>>> print(open('coords.pdb').read())   # PDB, C-alpha atoms
ATOM      1  CA  MET A 437      -8.255  -2.504 -46.318
ATOM      2  CA  SER A 438      -8.187  -1.922 -42.547
ATOM      3  CA  LEU A 439      -5.959  -3.165 -39.761
ATOM      4  CA  LYS A 440      -8.951  -5.060 -38.391
ATOM      5  CA  ALA A 441      -9.091  -7.345 -41.440
ATOM      6  CA  ILE A 442      -5.382  -8.169 -41.150
ATOM      7  CA  ALA A 443      -5.742  -8.771 -37.410
ATOM      8  CA  LYS A 444      -8.736 -11.071 -37.918
ATOM      9  CA  GLU A 445      -6.966 -13.068 -40.622
ATOM     10  CA  LEU A 446      -3.890 -13.631 -38.446
ATOM     11  CA  GLY A 447      -5.672 -14.026 -35.134
ATOM     12  CA  LEU A 448      -3.918 -11.036 -33.627
ATOM     13  CA  SER A 449      -5.086  -7.877 -31.907
ATOM     14  CA  VAL A 450      -5.353  -4.659 -33.897
ATOM     15  CA  THR A 451      -2.796  -3.121 -31.526
ATOM     16  CA  THR A 452      -0.251  -5.855 -32.268
ATOM     17  CA  VAL A 453      -0.746  -5.448 -36.018
ATOM     18  CA  SER A 454      -0.360  -1.691 -35.758
ATOM     19  CA  ARG A 455       2.814  -1.934 -33.681
ATOM     20  CA  ALA A 456       4.274  -4.536 -36.035
ATOM     21  CA  LEU A 457       3.737  -2.301 -39.068
ATOM     22  CA  ASN A 458       5.245   0.686 -37.233
ATOM     23  CA  GLY A 459       8.401  -1.213 -36.296
ATOM     24  CA  TYR A 460       8.036  -1.328 -32.510
ATOM     25  CA  ASP A 461      10.655  -3.488 -30.762
ATOM     26  CA  ASP A 462       8.142  -5.244 -28.492
ATOM     27  CA  VAL A 463       6.786  -7.232 -31.459
ATOM     28  CA  SER A 464       8.700 -10.406 -32.301
ATOM     29  CA  ALA A 465      10.459 -10.701 -35.635
ATOM     30  CA  GLU A 466       8.288 -13.683 -36.563
ATOM     31  CA  THR A 467       5.037 -11.807 -35.870
ATOM     32  CA  ARG A 468       6.261  -8.721 -37.693
ATOM     33  CA  ALA A 469       7.136 -10.829 -40.747
ATOM     34  CA  ARG A 470       3.668 -12.433 -40.753
ATOM     35  CA  VAL A 471       1.947  -9.065 -40.459
ATOM     36  CA  GLU A 472       4.059  -7.449 -43.171
ATOM     37  CA  ALA A 473       3.519 -10.376 -45.524
ATOM     38  CA  GLU A 474      -0.258 -10.261 -45.028
ATOM     39  CA  ALA A 475      -0.330  -6.477 -45.419
ATOM     40  CA  GLN A 476       1.631  -6.760 -48.664
ATOM     41  CA  ARG A 477      -0.622  -9.549 -49.945
ATOM     42  CA  ARG A 478      -3.695  -7.398 -49.330
ATOM     43  CA  GLY A 479      -2.091  -4.249 -50.736
ATOM     44  CA  TYR A 480      -2.549  -2.472 -47.402
ATOM     45  CA  GLN A 481      -1.326   1.152 -47.308
ATOM     46  CA  PRO A 482      -1.040   2.695 -43.823
ATOM     47  CA  ASN A 483      -2.433   6.126 -43.030
ATOM     48  CA  THR A 484       0.930   7.857 -42.892
ATOM     49  CA  PHE A 485      -0.419  11.167 -41.651
ATOM     50  CA  ALA A 486      -2.252   9.541 -38.735
ATOM     51  CA  ARG A 487       0.809   7.484 -37.848
ATOM     52  CA  ARG A 488       2.988  10.581 -37.808
ATOM     53  CA  LEU A 489       0.569  12.448 -35.537
ATOM     54  CA  LYS A 490       0.413   9.514 -33.142
ATOM     55  CA  MET A 491       4.191   9.104 -32.946
ATOM     56  CA  GLY A 492       4.895  12.843 -32.804
ATOM     57  CA  LYS A 493       7.128  12.784 -35.877
ATOM     58  CA  ILE A 494       6.844  14.362 -39.303
ATOM     59  CA  ASP A 495       9.169  11.883 -41.064
ATOM     60  CA  ALA A 496      10.734  14.758 -42.981
ATOM     61  CA  VAL A 497      14.185  16.339 -42.850
ATOM     62  CA  GLY A 498      15.148  19.682 -44.375
ATOM     63  CA  LEU A 499      18.477  20.300 -46.104
ATOM     64  CA  VAL A 500      19.436  23.979 -45.888
ATOM     65  CA  PHE A 501      21.814  25.233 -48.583
ATOM     66  CA  PRO A 502      22.990  28.759 -49.433
ATOM     67  CA  VAL A 503      21.684  30.753 -52.386
ATOM     68  CA  HIS A 504      25.021  32.601 -52.719
ATOM     69  CA  PRO A 505      26.990  30.829 -54.050
ATOM     70  CA  VAL A 506      24.433  28.261 -55.181
ATOM     71  CA  PRO A 507      25.837  24.710 -54.859
ATOM     72  CA  LEU A 508      23.210  23.060 -57.060
ATOM     73  CA  ASN A 509      25.453  23.368 -60.122
ATOM     74  CA  ASN A 510      28.074  21.288 -58.301
ATOM     75  CA  SER A 511      27.759  17.660 -59.364
ATOM     76  CA  VAL A 512      29.575  16.421 -56.248
ATOM     77  CA  PHE A 513      27.114  18.185 -53.943
ATOM     78  CA  MET A 514      24.084  17.034 -55.922
ATOM     79  CA  ASP A 515      25.313  13.430 -56.010
ATOM     80  CA  MET A 516      25.648  13.557 -52.242
ATOM     81  CA  VAL A 517      22.146  15.028 -51.836
ATOM     82  CA  GLY A 518      20.733  12.301 -54.053
ATOM     83  CA  GLU A 519      22.325   9.572 -51.936
ATOM     84  CA  ILE A 520      21.107  11.151 -48.680
ATOM     85  CA  SER A 521      17.576  11.351 -50.077
ATOM     86  CA  HIS A 522      17.710   7.758 -51.323
ATOM     87  CA  GLU A 523      18.929   6.438 -47.982
ATOM     88  CA  LEU A 524      16.356   8.399 -45.934
ATOM     89  CA  ALA A 525      13.584   7.217 -48.272
ATOM     90  CA  ARG A 526      14.423   3.632 -47.326
ATOM     91  CA  HIS A 527      13.207   4.564 -43.850
ATOM     92  CA  GLU A 528      10.188   6.507 -45.169
ATOM     93  CA  ILE A 529      11.725   9.893 -44.365
ATOM     94  CA  ASP A 530      11.356  12.679 -46.926
ATOM     95  CA  LEU A 531      14.194  15.096 -47.711
ATOM     96  CA  LEU A 532      13.159  18.708 -48.411
ATOM     97  CA  LEU A 533      15.569  21.180 -50.044
ATOM     98  CA  ILE A 534      15.481  24.632 -48.441
ATOM     99  CA  ALA A 535      17.326  27.479 -50.172
ATOM    100  CA  ASP A 536      18.564  30.096 -47.704
ATOM    101  CA  ASP A 537      19.438  33.663 -48.608
ATOM    102  CA  ASP A 538      21.769  35.035 -45.951
ATOM    103  CA  LEU A 539      20.872  38.576 -47.043
ATOM    104  CA  ALA A 540      17.152  38.105 -46.375
ATOM    105  CA  ASP A 541      15.412  39.508 -43.285
ATOM    106  CA  LYS A 542      13.651  36.210 -42.604
ATOM    107  CA  HIS A 543      14.960  32.733 -43.234
ATOM    108  CA  SER A 544      12.780  30.025 -44.736
ATOM    109  CA  TYR A 545      14.344  27.290 -42.624
ATOM    110  CA  MET A 546      13.126  29.026 -39.450
ATOM    111  CA  ARG A 547       9.552  28.827 -40.723
ATOM    112  CA  MET A 548      10.051  25.085 -40.972
ATOM    113  CA  VAL A 549      11.367  25.026 -37.416
ATOM    114  CA  GLN A 550       8.635  27.180 -35.910
ATOM    115  CA  SER A 551       5.825  25.262 -37.625
ATOM    116  CA  ARG A 552       7.492  21.870 -36.869
ATOM    117  CA  ARG A 553       7.240  20.798 -40.505
ATOM    118  CA  VAL A 554      10.486  18.828 -40.236
ATOM    119  CA  ASP A 555      12.002  16.611 -37.544
ATOM    120  CA  ALA A 556      15.537  17.917 -38.061
ATOM    121  CA  LEU A 557      17.668  20.019 -40.400
ATOM    122  CA  ILE A 558      20.854  19.288 -42.302
ATOM    123  CA  VAL A 559      22.792  22.537 -42.761
ATOM    124  CA  ALA A 560      25.211  22.523 -45.703
ATOM    125  CA  HIS A 561      28.208  24.736 -46.473
ATOM    126  CA  THR A 562      28.694  26.015 -42.950
ATOM    127  CA  LEU A 563      30.736  29.046 -41.916
ATOM    128  CA  ASP A 564      33.440  29.192 -39.234
ATOM    129  CA  HIS A 565      31.034  31.364 -37.242
ATOM    130  CA  ASP A 566      27.621  30.415 -38.590
ATOM    131  CA  PRO A 567      24.584  32.451 -37.440
ATOM    132  CA  ARG A 568      22.238  29.741 -38.772
ATOM    133  CA  LEU A 569      23.690  27.145 -36.434
ATOM    134  CA  GLU A 570      23.709  29.597 -33.537
ATOM    135  CA  GLN A 571      20.017  30.334 -34.144
ATOM    136  CA  LEU A 572      19.090  26.647 -34.320
ATOM    137  CA  GLN A 573      21.073  25.824 -31.202
ATOM    138  CA  ALA A 574      19.415  28.671 -29.289
ATOM    139  CA  ALA A 575      16.012  27.361 -30.399
ATOM    140  CA  GLY A 576      16.901  23.849 -29.224
ATOM    141  CA  PHE A 577      16.076  22.375 -32.635
ATOM    142  CA  PRO A 578      17.969  19.248 -33.811
ATOM    143  CA  PHE A 579      20.387  19.814 -36.692
ATOM    144  CA  LEU A 580      23.350  18.150 -38.365
ATOM    145  CA  ALA A 581      25.985  20.544 -39.706
ATOM    146  CA  LEU A 582      27.856  19.542 -42.860
ATOM    147  CA  GLY A 583      31.055  21.191 -41.723
ATOM    148  CA  ARG A 584      32.451  22.379 -38.422
ATOM    149  CA  SER A 585      31.759  25.747 -36.832
ATOM    150  CA  HIS A 586      32.453  27.551 -33.556
ATOM    151  CA  LEU A 587      29.426  27.153 -31.288
ATOM    152  CA  PRO A 588      28.983  27.579 -27.526
ATOM    153  CA  GLN A 589      27.549  24.073 -27.049
ATOM    154  CA  PRO A 590      28.303  20.631 -28.594
ATOM    155  CA  TYR A 591      26.409  19.844 -31.795
ATOM    156  CA  ALA A 592      26.160  17.105 -34.410
ATOM    157  CA  TRP A 593      28.419  17.502 -37.427
ATOM    158  CA  PHE A 594      29.839  15.590 -40.386
ATOM    159  CA  ASP A 595      32.912  16.880 -42.171
ATOM    160  CA  PHE A 596      35.837  15.998 -44.385
ATOM    161  CA  ASP A 597      39.366  16.950 -43.382
ATOM    162  CA  ASN A 598      39.585  19.584 -46.096
ATOM    163  CA  TYR A 599      42.800  20.999 -44.654
ATOM    164  CA  ALA A 600      44.530  17.624 -44.969
ATOM    165  CA  GLY A 601      43.416  17.254 -48.588
ATOM    166  CA  THR A 602      45.141  20.341 -49.981
ATOM    167  CA  HIS A 603      48.070  20.076 -47.552
ATOM    168  CA  GLN A 604      48.837  16.558 -48.770
ATOM    169  CA  ALA A 605      48.418  17.528 -52.435
ATOM    170  CA  THR A 606      50.742  20.539 -52.046
ATOM    171  CA  ARG A 607      53.360  18.495 -50.205
ATOM    172  CA  TRP A 608      53.233  15.869 -52.987
ATOM    173  CA  LEU A 609      53.897  18.529 -55.621
ATOM    174  CA  ILE A 610      56.748  19.992 -53.572
ATOM    175  CA  GLU A 611      58.330  16.546 -53.254
ATOM    176  CA  LYS A 612      58.067  16.281 -57.061
ATOM    177  CA  GLY A 613      60.266  19.380 -57.286
ATOM    178  CA  HIS A 614      57.649  22.072 -57.926
ATOM    179  CA  LYS A 615      58.355  25.484 -56.399
ATOM    180  CA  ARG A 616      55.747  27.625 -58.157
ATOM    181  CA  ILE A 617      52.393  26.161 -57.179
ATOM    182  CA  ALA A 618      49.064  27.876 -57.829
ATOM    183  CA  LEU A 619      45.748  27.381 -56.069
ATOM    184  CA  LEU A 620      42.473  28.212 -57.777
ATOM    185  CA  GLY A 621      40.113  28.622 -54.825
ATOM    186  CA  GLU A 622      36.564  29.787 -54.275
ATOM    187  CA  SER A 623      36.113  33.383 -53.150
ATOM    188  CA  ASN A 624      33.876  32.907 -50.121
ATOM    189  CA  ASN A 625      34.278  32.325 -46.389
ATOM    190  CA  GLN A 626      32.575  28.940 -46.116
ATOM    191  CA  ALA A 627      34.495  26.737 -43.703
ATOM    192  CA  PHE A 628      35.551  24.029 -46.160
ATOM    193  CA  ILE A 629      36.935  26.664 -48.548
ATOM    194  CA  THR A 630      39.028  28.406 -45.875
ATOM    195  CA  GLN A 631      40.282  25.021 -44.619
ATOM    196  CA  ARG A 632      41.418  23.960 -48.093
ATOM    197  CA  ARG A 633      43.143  27.299 -48.627
ATOM    198  CA  GLN A 634      44.932  27.057 -45.277
ATOM    199  CA  GLY A 635      46.191  23.557 -46.017
ATOM    200  CA  TYR A 636      47.813  24.863 -49.194
ATOM    201  CA  LEU A 637      49.268  27.945 -47.477
ATOM    202  CA  ASP A 638      50.742  25.990 -44.576
ATOM    203  CA  ALA A 639      52.409  23.452 -46.873
ATOM    204  CA  LEU A 640      54.033  26.271 -48.839
ATOM    205  CA  ARG A 641      55.113  28.065 -45.658
ATOM    206  CA  GLU A 642      56.671  24.880 -44.253
ATOM    207  CA  ALA A 643      58.728  24.551 -47.445
ATOM    208  CA  GLY A 644      59.646  28.249 -47.567
ATOM    209  CA  LEU A 645      57.769  28.790 -50.851
ATOM    210  CA  SER A 646      55.733  31.744 -52.086
ATOM    211  CA  SER A 647      51.917  31.804 -52.328
ATOM    212  CA  GLU A 648      51.876  34.536 -54.995
ATOM    213  CA  TRP A 649      50.043  32.210 -57.409
ATOM    214  CA  LEU A 650      47.001  31.935 -55.144
ATOM    215  CA  ARG A 651      43.802  33.080 -56.872
ATOM    216  CA  ALA A 652      40.278  33.449 -55.411
ATOM    217  CA  MET A 653      37.282  33.353 -57.746
ATOM    218  CA  PRO A 654      33.668  32.242 -58.176
ATOM    219  CA  PRO A 655      33.219  28.481 -58.791
ATOM    220  CA  SER A 656      32.828  28.209 -62.571
ATOM    221  CA  ARG A 657      34.526  26.467 -65.479
ATOM    222  CA  ARG A 658      34.756  29.750 -67.386
ATOM    223  CA  VAL A 659      36.653  31.491 -64.586
ATOM    224  CA  GLY A 660      38.888  28.471 -64.010
ATOM    225  CA  TYR A 661      39.714  28.445 -67.722
ATOM    226  CA  ALA A 662      40.462  32.190 -67.893
ATOM    227  CA  THR A 663      42.490  32.242 -64.676
ATOM    228  CA  THR A 664      44.655  29.340 -65.818
ATOM    229  CA  LYS A 665      45.456  31.175 -69.044
ATOM    230  CA  GLU A 666      46.259  34.321 -67.074
ATOM    231  CA  LEU A 667      48.625  32.417 -64.778
ATOM    232  CA  LEU A 668      50.480  30.802 -67.678
ATOM    233  CA  SER A 669      50.999  34.194 -69.329
ATOM    234  CA  LEU A 670      53.038  35.457 -66.357
ATOM    235  CA  SER A 671      56.794  35.913 -66.676
ATOM    236  CA  GLN A 672      57.134  33.345 -63.890
ATOM    237  CA  PRO A 673      54.167  31.008 -64.440
ATOM    238  CA  PRO A 674      53.309  28.200 -62.021
ATOM    239  CA  THR A 675      54.552  24.721 -62.851
ATOM    240  CA  ALA A 676      51.674  23.128 -60.923
ATOM    241  CA  ILE A 677      48.047  24.027 -60.220
ATOM    242  CA  ILE A 678      45.703  22.806 -57.487
ATOM    243  CA  THR A 679      41.977  23.532 -57.724
ATOM    244  CA  ASP A 680      39.723  23.391 -54.669
ATOM    245  CA  CYS A 681      36.658  22.253 -56.642
ATOM    246  CA  ASN A 682      36.134  20.288 -59.830
ATOM    247  CA  THR A 683      34.422  23.125 -61.707
ATOM    248  CA  HIS A 684      37.633  25.145 -61.438
ATOM    249  CA  GLY A 685      39.515  21.964 -62.236
ATOM    250  CA  ASP A 686      37.561  21.307 -65.417
ATOM    251  CA  GLY A 687      38.155  24.857 -66.628
ATOM    252  CA  ALA A 688      41.857  24.603 -65.807
ATOM    253  CA  ALA A 689      42.151  21.260 -67.615
ATOM    254  CA  MET A 690      40.474  22.693 -70.734
ATOM    255  CA  ALA A 691      42.862  25.659 -70.773
ATOM    256  CA  LEU A 692      45.922  23.452 -70.307
ATOM    257  CA  ALA A 693      44.742  21.054 -73.014
ATOM    258  CA  GLU A 694      44.176  23.946 -75.425
ATOM    259  CA  LEU A 695      47.675  25.287 -74.740
ATOM    260  CA  GLY A 696      49.262  21.845 -75.099
ATOM    261  CA  ARG A 697      50.336  21.916 -71.448
ATOM    262  CA  LEU A 698      48.190  19.134 -69.961
ATOM    263  CA  THR A 699      50.422  16.273 -71.103
ATOM    264  CA  GLY A 700      53.927  15.848 -72.471
ATOM    265  CA  GLU A 701      57.298  17.279 -71.430
ATOM    266  CA  SER A 702      55.951  20.822 -70.917
ATOM    267  CA  ALA A 703      52.908  19.713 -68.927
ATOM    268  CA  VAL A 704      51.742  21.684 -65.923
ATOM    269  CA  ALA A 705      50.921  19.344 -63.031
ATOM    270  CA  LEU A 706      47.218  19.532 -62.172
ATOM    271  CA  VAL A 707      45.544  18.354 -58.955
ATOM    272  CA  VAL A 708      41.741  18.598 -58.834
ATOM    273  CA  TYR A 709      39.753  18.362 -55.605
ATOM    274  CA  ASP A 710      37.057  15.692 -56.182
ATOM    275  CA  GLY A 711      38.597  14.846 -59.570
ATOM    276  CA  LEU A 712      37.383  15.990 -62.977
ATOM    277  CA  PRO A 713      33.581  15.823 -63.454
ATOM    278  CA  GLN A 714      32.249  12.712 -65.140
ATOM    279  CA  ASP A 715      30.959  14.831 -68.041
ATOM    280  CA  SER A 716      34.312  16.571 -68.636
ATOM    281  CA  ILE A 717      35.361  16.808 -72.271
ATOM    282  CA  VAL A 718      39.000  16.511 -71.184
ATOM    283  CA  ASP A 719      40.268  12.965 -71.652
ATOM    284  CA  ALA A 720      43.437  12.871 -69.585
ATOM    285  CA  ASP A 721      44.622  11.523 -66.260
ATOM    286  CA  VAL A 722      45.019  14.140 -63.524
ATOM    287  CA  ALA A 723      45.851  13.836 -59.845
ATOM    288  CA  ALA A 724      42.897  14.118 -57.497
ATOM    289  CA  VAL A 725      41.867  14.519 -53.868
ATOM    290  CA  ILE A 726      39.043  12.021 -53.377
ATOM    291  CA  GLN A 727      36.449  12.344 -50.596
ATOM    292  CA  SER A 728      35.173   8.742 -50.630
ATOM    293  CA  THR A 729      32.133   7.507 -52.546
ATOM    294  CA  ARG A 730      28.885   9.473 -52.700
ATOM    295  CA  GLN A 731      27.029   6.343 -51.610
ATOM    296  CA  GLY A 732      29.145   5.958 -48.485
ATOM    297  CA  VAL A 733      28.807   9.630 -47.595
ATOM    298  CA  GLY A 734      25.050   9.633 -48.182
ATOM    299  CA  LYS A 735      24.524   6.602 -45.957
ATOM    300  CA  GLN A 736      26.717   8.038 -43.203
ATOM    301  CA  ILE A 737      24.847  11.358 -43.138
ATOM    302  CA  ALA A 738      21.407   9.731 -43.339
ATOM    303  CA  ASP A 739      22.279   7.368 -40.467
ATOM    304  CA  MET A 740      23.472  10.299 -38.349
ATOM    305  CA  VAL A 741      20.266  12.224 -39.003
ATOM    306  CA  ARG A 742      18.133   9.269 -37.957
ATOM    307  CA  GLN A 743      20.167   8.920 -34.756
ATOM    308  CA  LEU A 744      19.738  12.644 -34.134
ATOM    309  CA  ILE A 745      15.956  12.383 -34.512
ATOM    310  CA  ASN A 746      15.936   9.414 -32.123
ATOM    311  CA  GLY A 747      17.656  11.515 -29.457
ATOM    312  CA  ASP A 748      21.117   9.892 -29.478
ATOM    313  CA  ASP A 749      23.993  11.616 -27.697
ATOM    314  CA  ILE A 750      25.072  14.610 -29.812
ATOM    315  CA  GLU A 751      28.739  14.263 -28.886
ATOM    316  CA  ARG A 752      28.716  10.799 -30.487
ATOM    317  CA  LEU A 753      27.406  12.324 -33.729
ATOM    318  CA  GLN A 754      30.627  14.047 -34.767
ATOM    319  CA  VAL A 755      32.384  12.396 -37.708
ATOM    320  CA  LEU A 756      35.520  13.499 -39.563
ATOM    321  CA  TRP A 757      36.348  11.623 -42.774
ATOM    322  CA  GLN A 758      39.858  11.626 -44.189
ATOM    323  CA  PRO A 759      40.244  12.315 -47.930
ATOM    324  CA  GLU A 760      42.556  10.256 -50.093
ATOM    325  CA  PHE A 761      45.147  11.653 -52.477
ATOM    326  CA  SER A 762      45.471   9.848 -55.791
ATOM    327  CA  PRO A 763      48.342  10.684 -58.194
ATOM    328  CA  VAL A 764      45.946   9.605 -60.962
ATOM    329  CA  GLN A 765      42.223  10.308 -60.904
ATOM    330  CA  THR A 766      40.115   7.213 -60.297
ATOM    331  CA  ALA A 767      36.527   6.708 -61.439
TER
END
>>> encode(input="coords.pdb", output="structure tokens")
Amino acid sequence: MSLKAIAKELGLSVTTVSRALNGYDDVSAETRARVEAEAQRRGYQPNTFARRLKMGKIDAVGLVFPVHPVPLNNSVFMDMVGEISHELARHEIDLLLIADDDLADKHSYMRMVQSRRVDALIVAHTLDHDPRLEQLQAAGFPFLALGRSHLPQPYAWFDFDNYAGTHQATRWLIEKGHKRIALLGESNNQAFITQRRQGYLDALREAGLSSEWLRAMPPSRRVGYATTKELLSLSQPPTAIITDCNTHGDGAAMALAELGRLTGESAVALVVYDGLPQDSIVDADVAAVIQSTRQGVGKQIADMVRQLINGDDIERLQVLWQPEFSPVQTA
């Protein structure tokens, strides 16, 4: 079914019908509604490829994520990706996942840039000094960084105040009387990891407490479980544990439950960043640092990407969300 048939039926020009279906602002809302209703009635499907060529857009966004450590086993990250994809799809924009190996000679995301197969990139798990962002900025290609970095020019970014999350959690434990507080943290230099670690360290320093129970490790339940057992076997074990991701947190909770230290008079206080995973076998309330809903985050990031593609001012596309500390994990 062609545009001509719709135009003839409604007594409009083909140009008006085309512009109505492509969302141009110079078509009235009433006319657009008539055109869309007629197109739906006839089962009309636009030639997406032709429309993209004409408008100079691909209607695709790439999400670049690191291979080491791979975040795809992180339910929080994947929930966020799902919401971003869902929200972009509402505007007929595809989300492509692009794995990037920082040890490789050539990066797959740059092939996307050079061949213009995407309109913009979302770059996840940024570094304090991130060569990927520097390369994209030098190439003049639009990108949204999920995390802040040090770059010579302004850029679009979305981030959580990771420092505030662990700082607040540590201060809460100190106010509860804890003096031996452990942190199970990831062993990499991604910006959000270093920010969470620094929030913990600064809170301890302000209170004059030791950080000797700090542990750095890969993000896995197994390692979180083993490290928690190791900490509790010390002659001076921690009385509280903070984990900077919920995979560590789930492992720590399992170890504490097994040792009878998750609840009761001898319980070790546990604070889990992002809360325990929904599929955790541990059925107990723990304190949590919550980074808002996945739906809210996904919509925020998708909206920012669309504004970026439309050429909005980059300095207005810089958003910092504050996490919330909950003494009891909420669903």
>>> resolve_selection(input="coords.pdb", expression="the PyMOL selection byres ((chain A and resi 686) around 8)", output="NGL selection string")
:A and (657 or 660-661 or 682-685 or 687-690 or 712-713 or 716 or 718)
>>> atom_distance(input="coords.pdb", atom1="CA of Gly498 in chain A", atom2="CA of Ser656 in chain A")
26.8 Å
>>> atom_distance(input="coords.pdb", atom1="CA of Asp555 in chain A", atom2="CA of Phe579 in chain A")
9.0 Å
>>> resolve_selection(input="coords.pdb", expression="the PyMOL selection byres ((chain A and resi 654) around 8)", output="number ranges by chain")
A: 505, 622-623, 652-653, 655-656, 659
>>> closest_residue(input="coords.pdb", among="A:Ala473, A:Met740, A:Ala441, A:Leu563", to="Ala456 in chain A", atoms="only C-alpha atoms")
A:Ala473
>>> closest_residue(input="coords.pdb", among="A:Tyr599, A:Phe501, A:Phe761, A:Trp593", to="Ala535 in chain A", atoms="all atoms listed in the file")
A:Phe501
>>> axis_aligned_box(input="coords.pdb", around="range 523-534 of chain A", padding_each_side="5 Å", output="lines of an AutoDock Vina configuration file")
center_x = 14.6
center_y = 14.1
center_z = -46.9
size_x = 18.7
size_y = 31.0
size_z = 16.2
>>> atom_distance(input="coords.pdb", atom1="CA of Val764 in chain A", atom2="CA of Thr663 in chain A")
23.2 Å
>>> residues_around(input="coords.pdb", residues="Ile677 in chain A", least_positions_apart="2", cutoff="7 Å", atoms="only C-alpha atoms", output="list in words")
Ile617, Ala618, Leu619, Pro674, Thr679, Ala705, Leu706 and Val707 of chain A
>>> closest_residue(input="coords.pdb", among="A:Gln727, A:Ala693, A:Lys493, A:Ile442", to="Val471 in chain A", atoms="all atoms listed in the file")
A:Ile442
>>> residues_around(input="coords.pdb", residues="Asp739 in chain A", least_positions_apart="2", cutoff="12 Å", atoms="all atoms listed in the file", output="ChimeraX atom specification")
/A:519-527,529,580,594,732-737,741-746,748,753,755
>>> residues_around(input="coords.pdb", residues="Tyr480 in chain A", least_positions_apart="3", cutoff="9 Å", atoms="all atoms listed in the file", output="list in words")
Met437, Ser438, Leu439, Ile442, Glu474, Ala475, Gln476 and Arg477 of chain A
>>> write_last_selection(input="coords.pdb", atoms="C-alpha atoms", output="mmCIF file, in the coordinates of the input")
data_model
loop_
_atom_site.group_PDB
_atom_site.id
_atom_site.type_symbol
_atom_site.label_atom_id
_atom_site.label_comp_id
_atom_site.auth_asym_id
_atom_site.auth_seq_id
_atom_site.Cartn_x
_atom_site.Cartn_y
_atom_site.Cartn_z
ATOM 1 C CA MET A 437 -8.255 -2.504 -46.318
ATOM 2 C CA SER A 438 -8.187 -1.922 -42.547
ATOM 3 C CA LEU A 439 -5.959 -3.165 -39.761
ATOM 4 C CA ILE A 442 -5.382 -8.169 -41.150
ATOM 5 C CA GLU A 474 -0.258 -10.261 -45.028
ATOM 6 C CA ALA A 475 -0.330 -6.477 -45.419
ATOM 7 C CA GLN A 476 1.631 -6.760 -48.664
ATOM 8 C CA ARG A 477 -0.622 -9.549 -49.945
#
>>> residues_near_point(input="coords.pdb", point="(51.5, 22.9, -70.7)", cutoff="12 Å", atoms="all atoms listed in the file", output="PyMOL selection string")
chain A and resi 664-665+667-669+673-677+688-706
>>> closest_residue(input="coords.pdb", among="A:Arg641, A:Gly621, A:Trp757, A:Gln604", to="Ala724 in chain A", atoms="all atoms listed in the file")
A:Gln604
>>> resolve_selection(input="coords.pdb", expression="the PyMOL selection byres ((chain A and resi 577) around 10)", output="list in words")
Met546, Val549, Gln550, Arg552, Asp555, Ala556, Leu557, Leu569, Gln571, Leu572, Gln573, Ala574, Ala575, Gly576, Pro578 and Phe579 of chain A
>>> closest_residue(input="coords.pdb", among="A:Ile750, A:Ala662, A:Ala738, A:Leu587", to="Gly518 in chain A", atoms="only C-alpha atoms")
A:Ala738
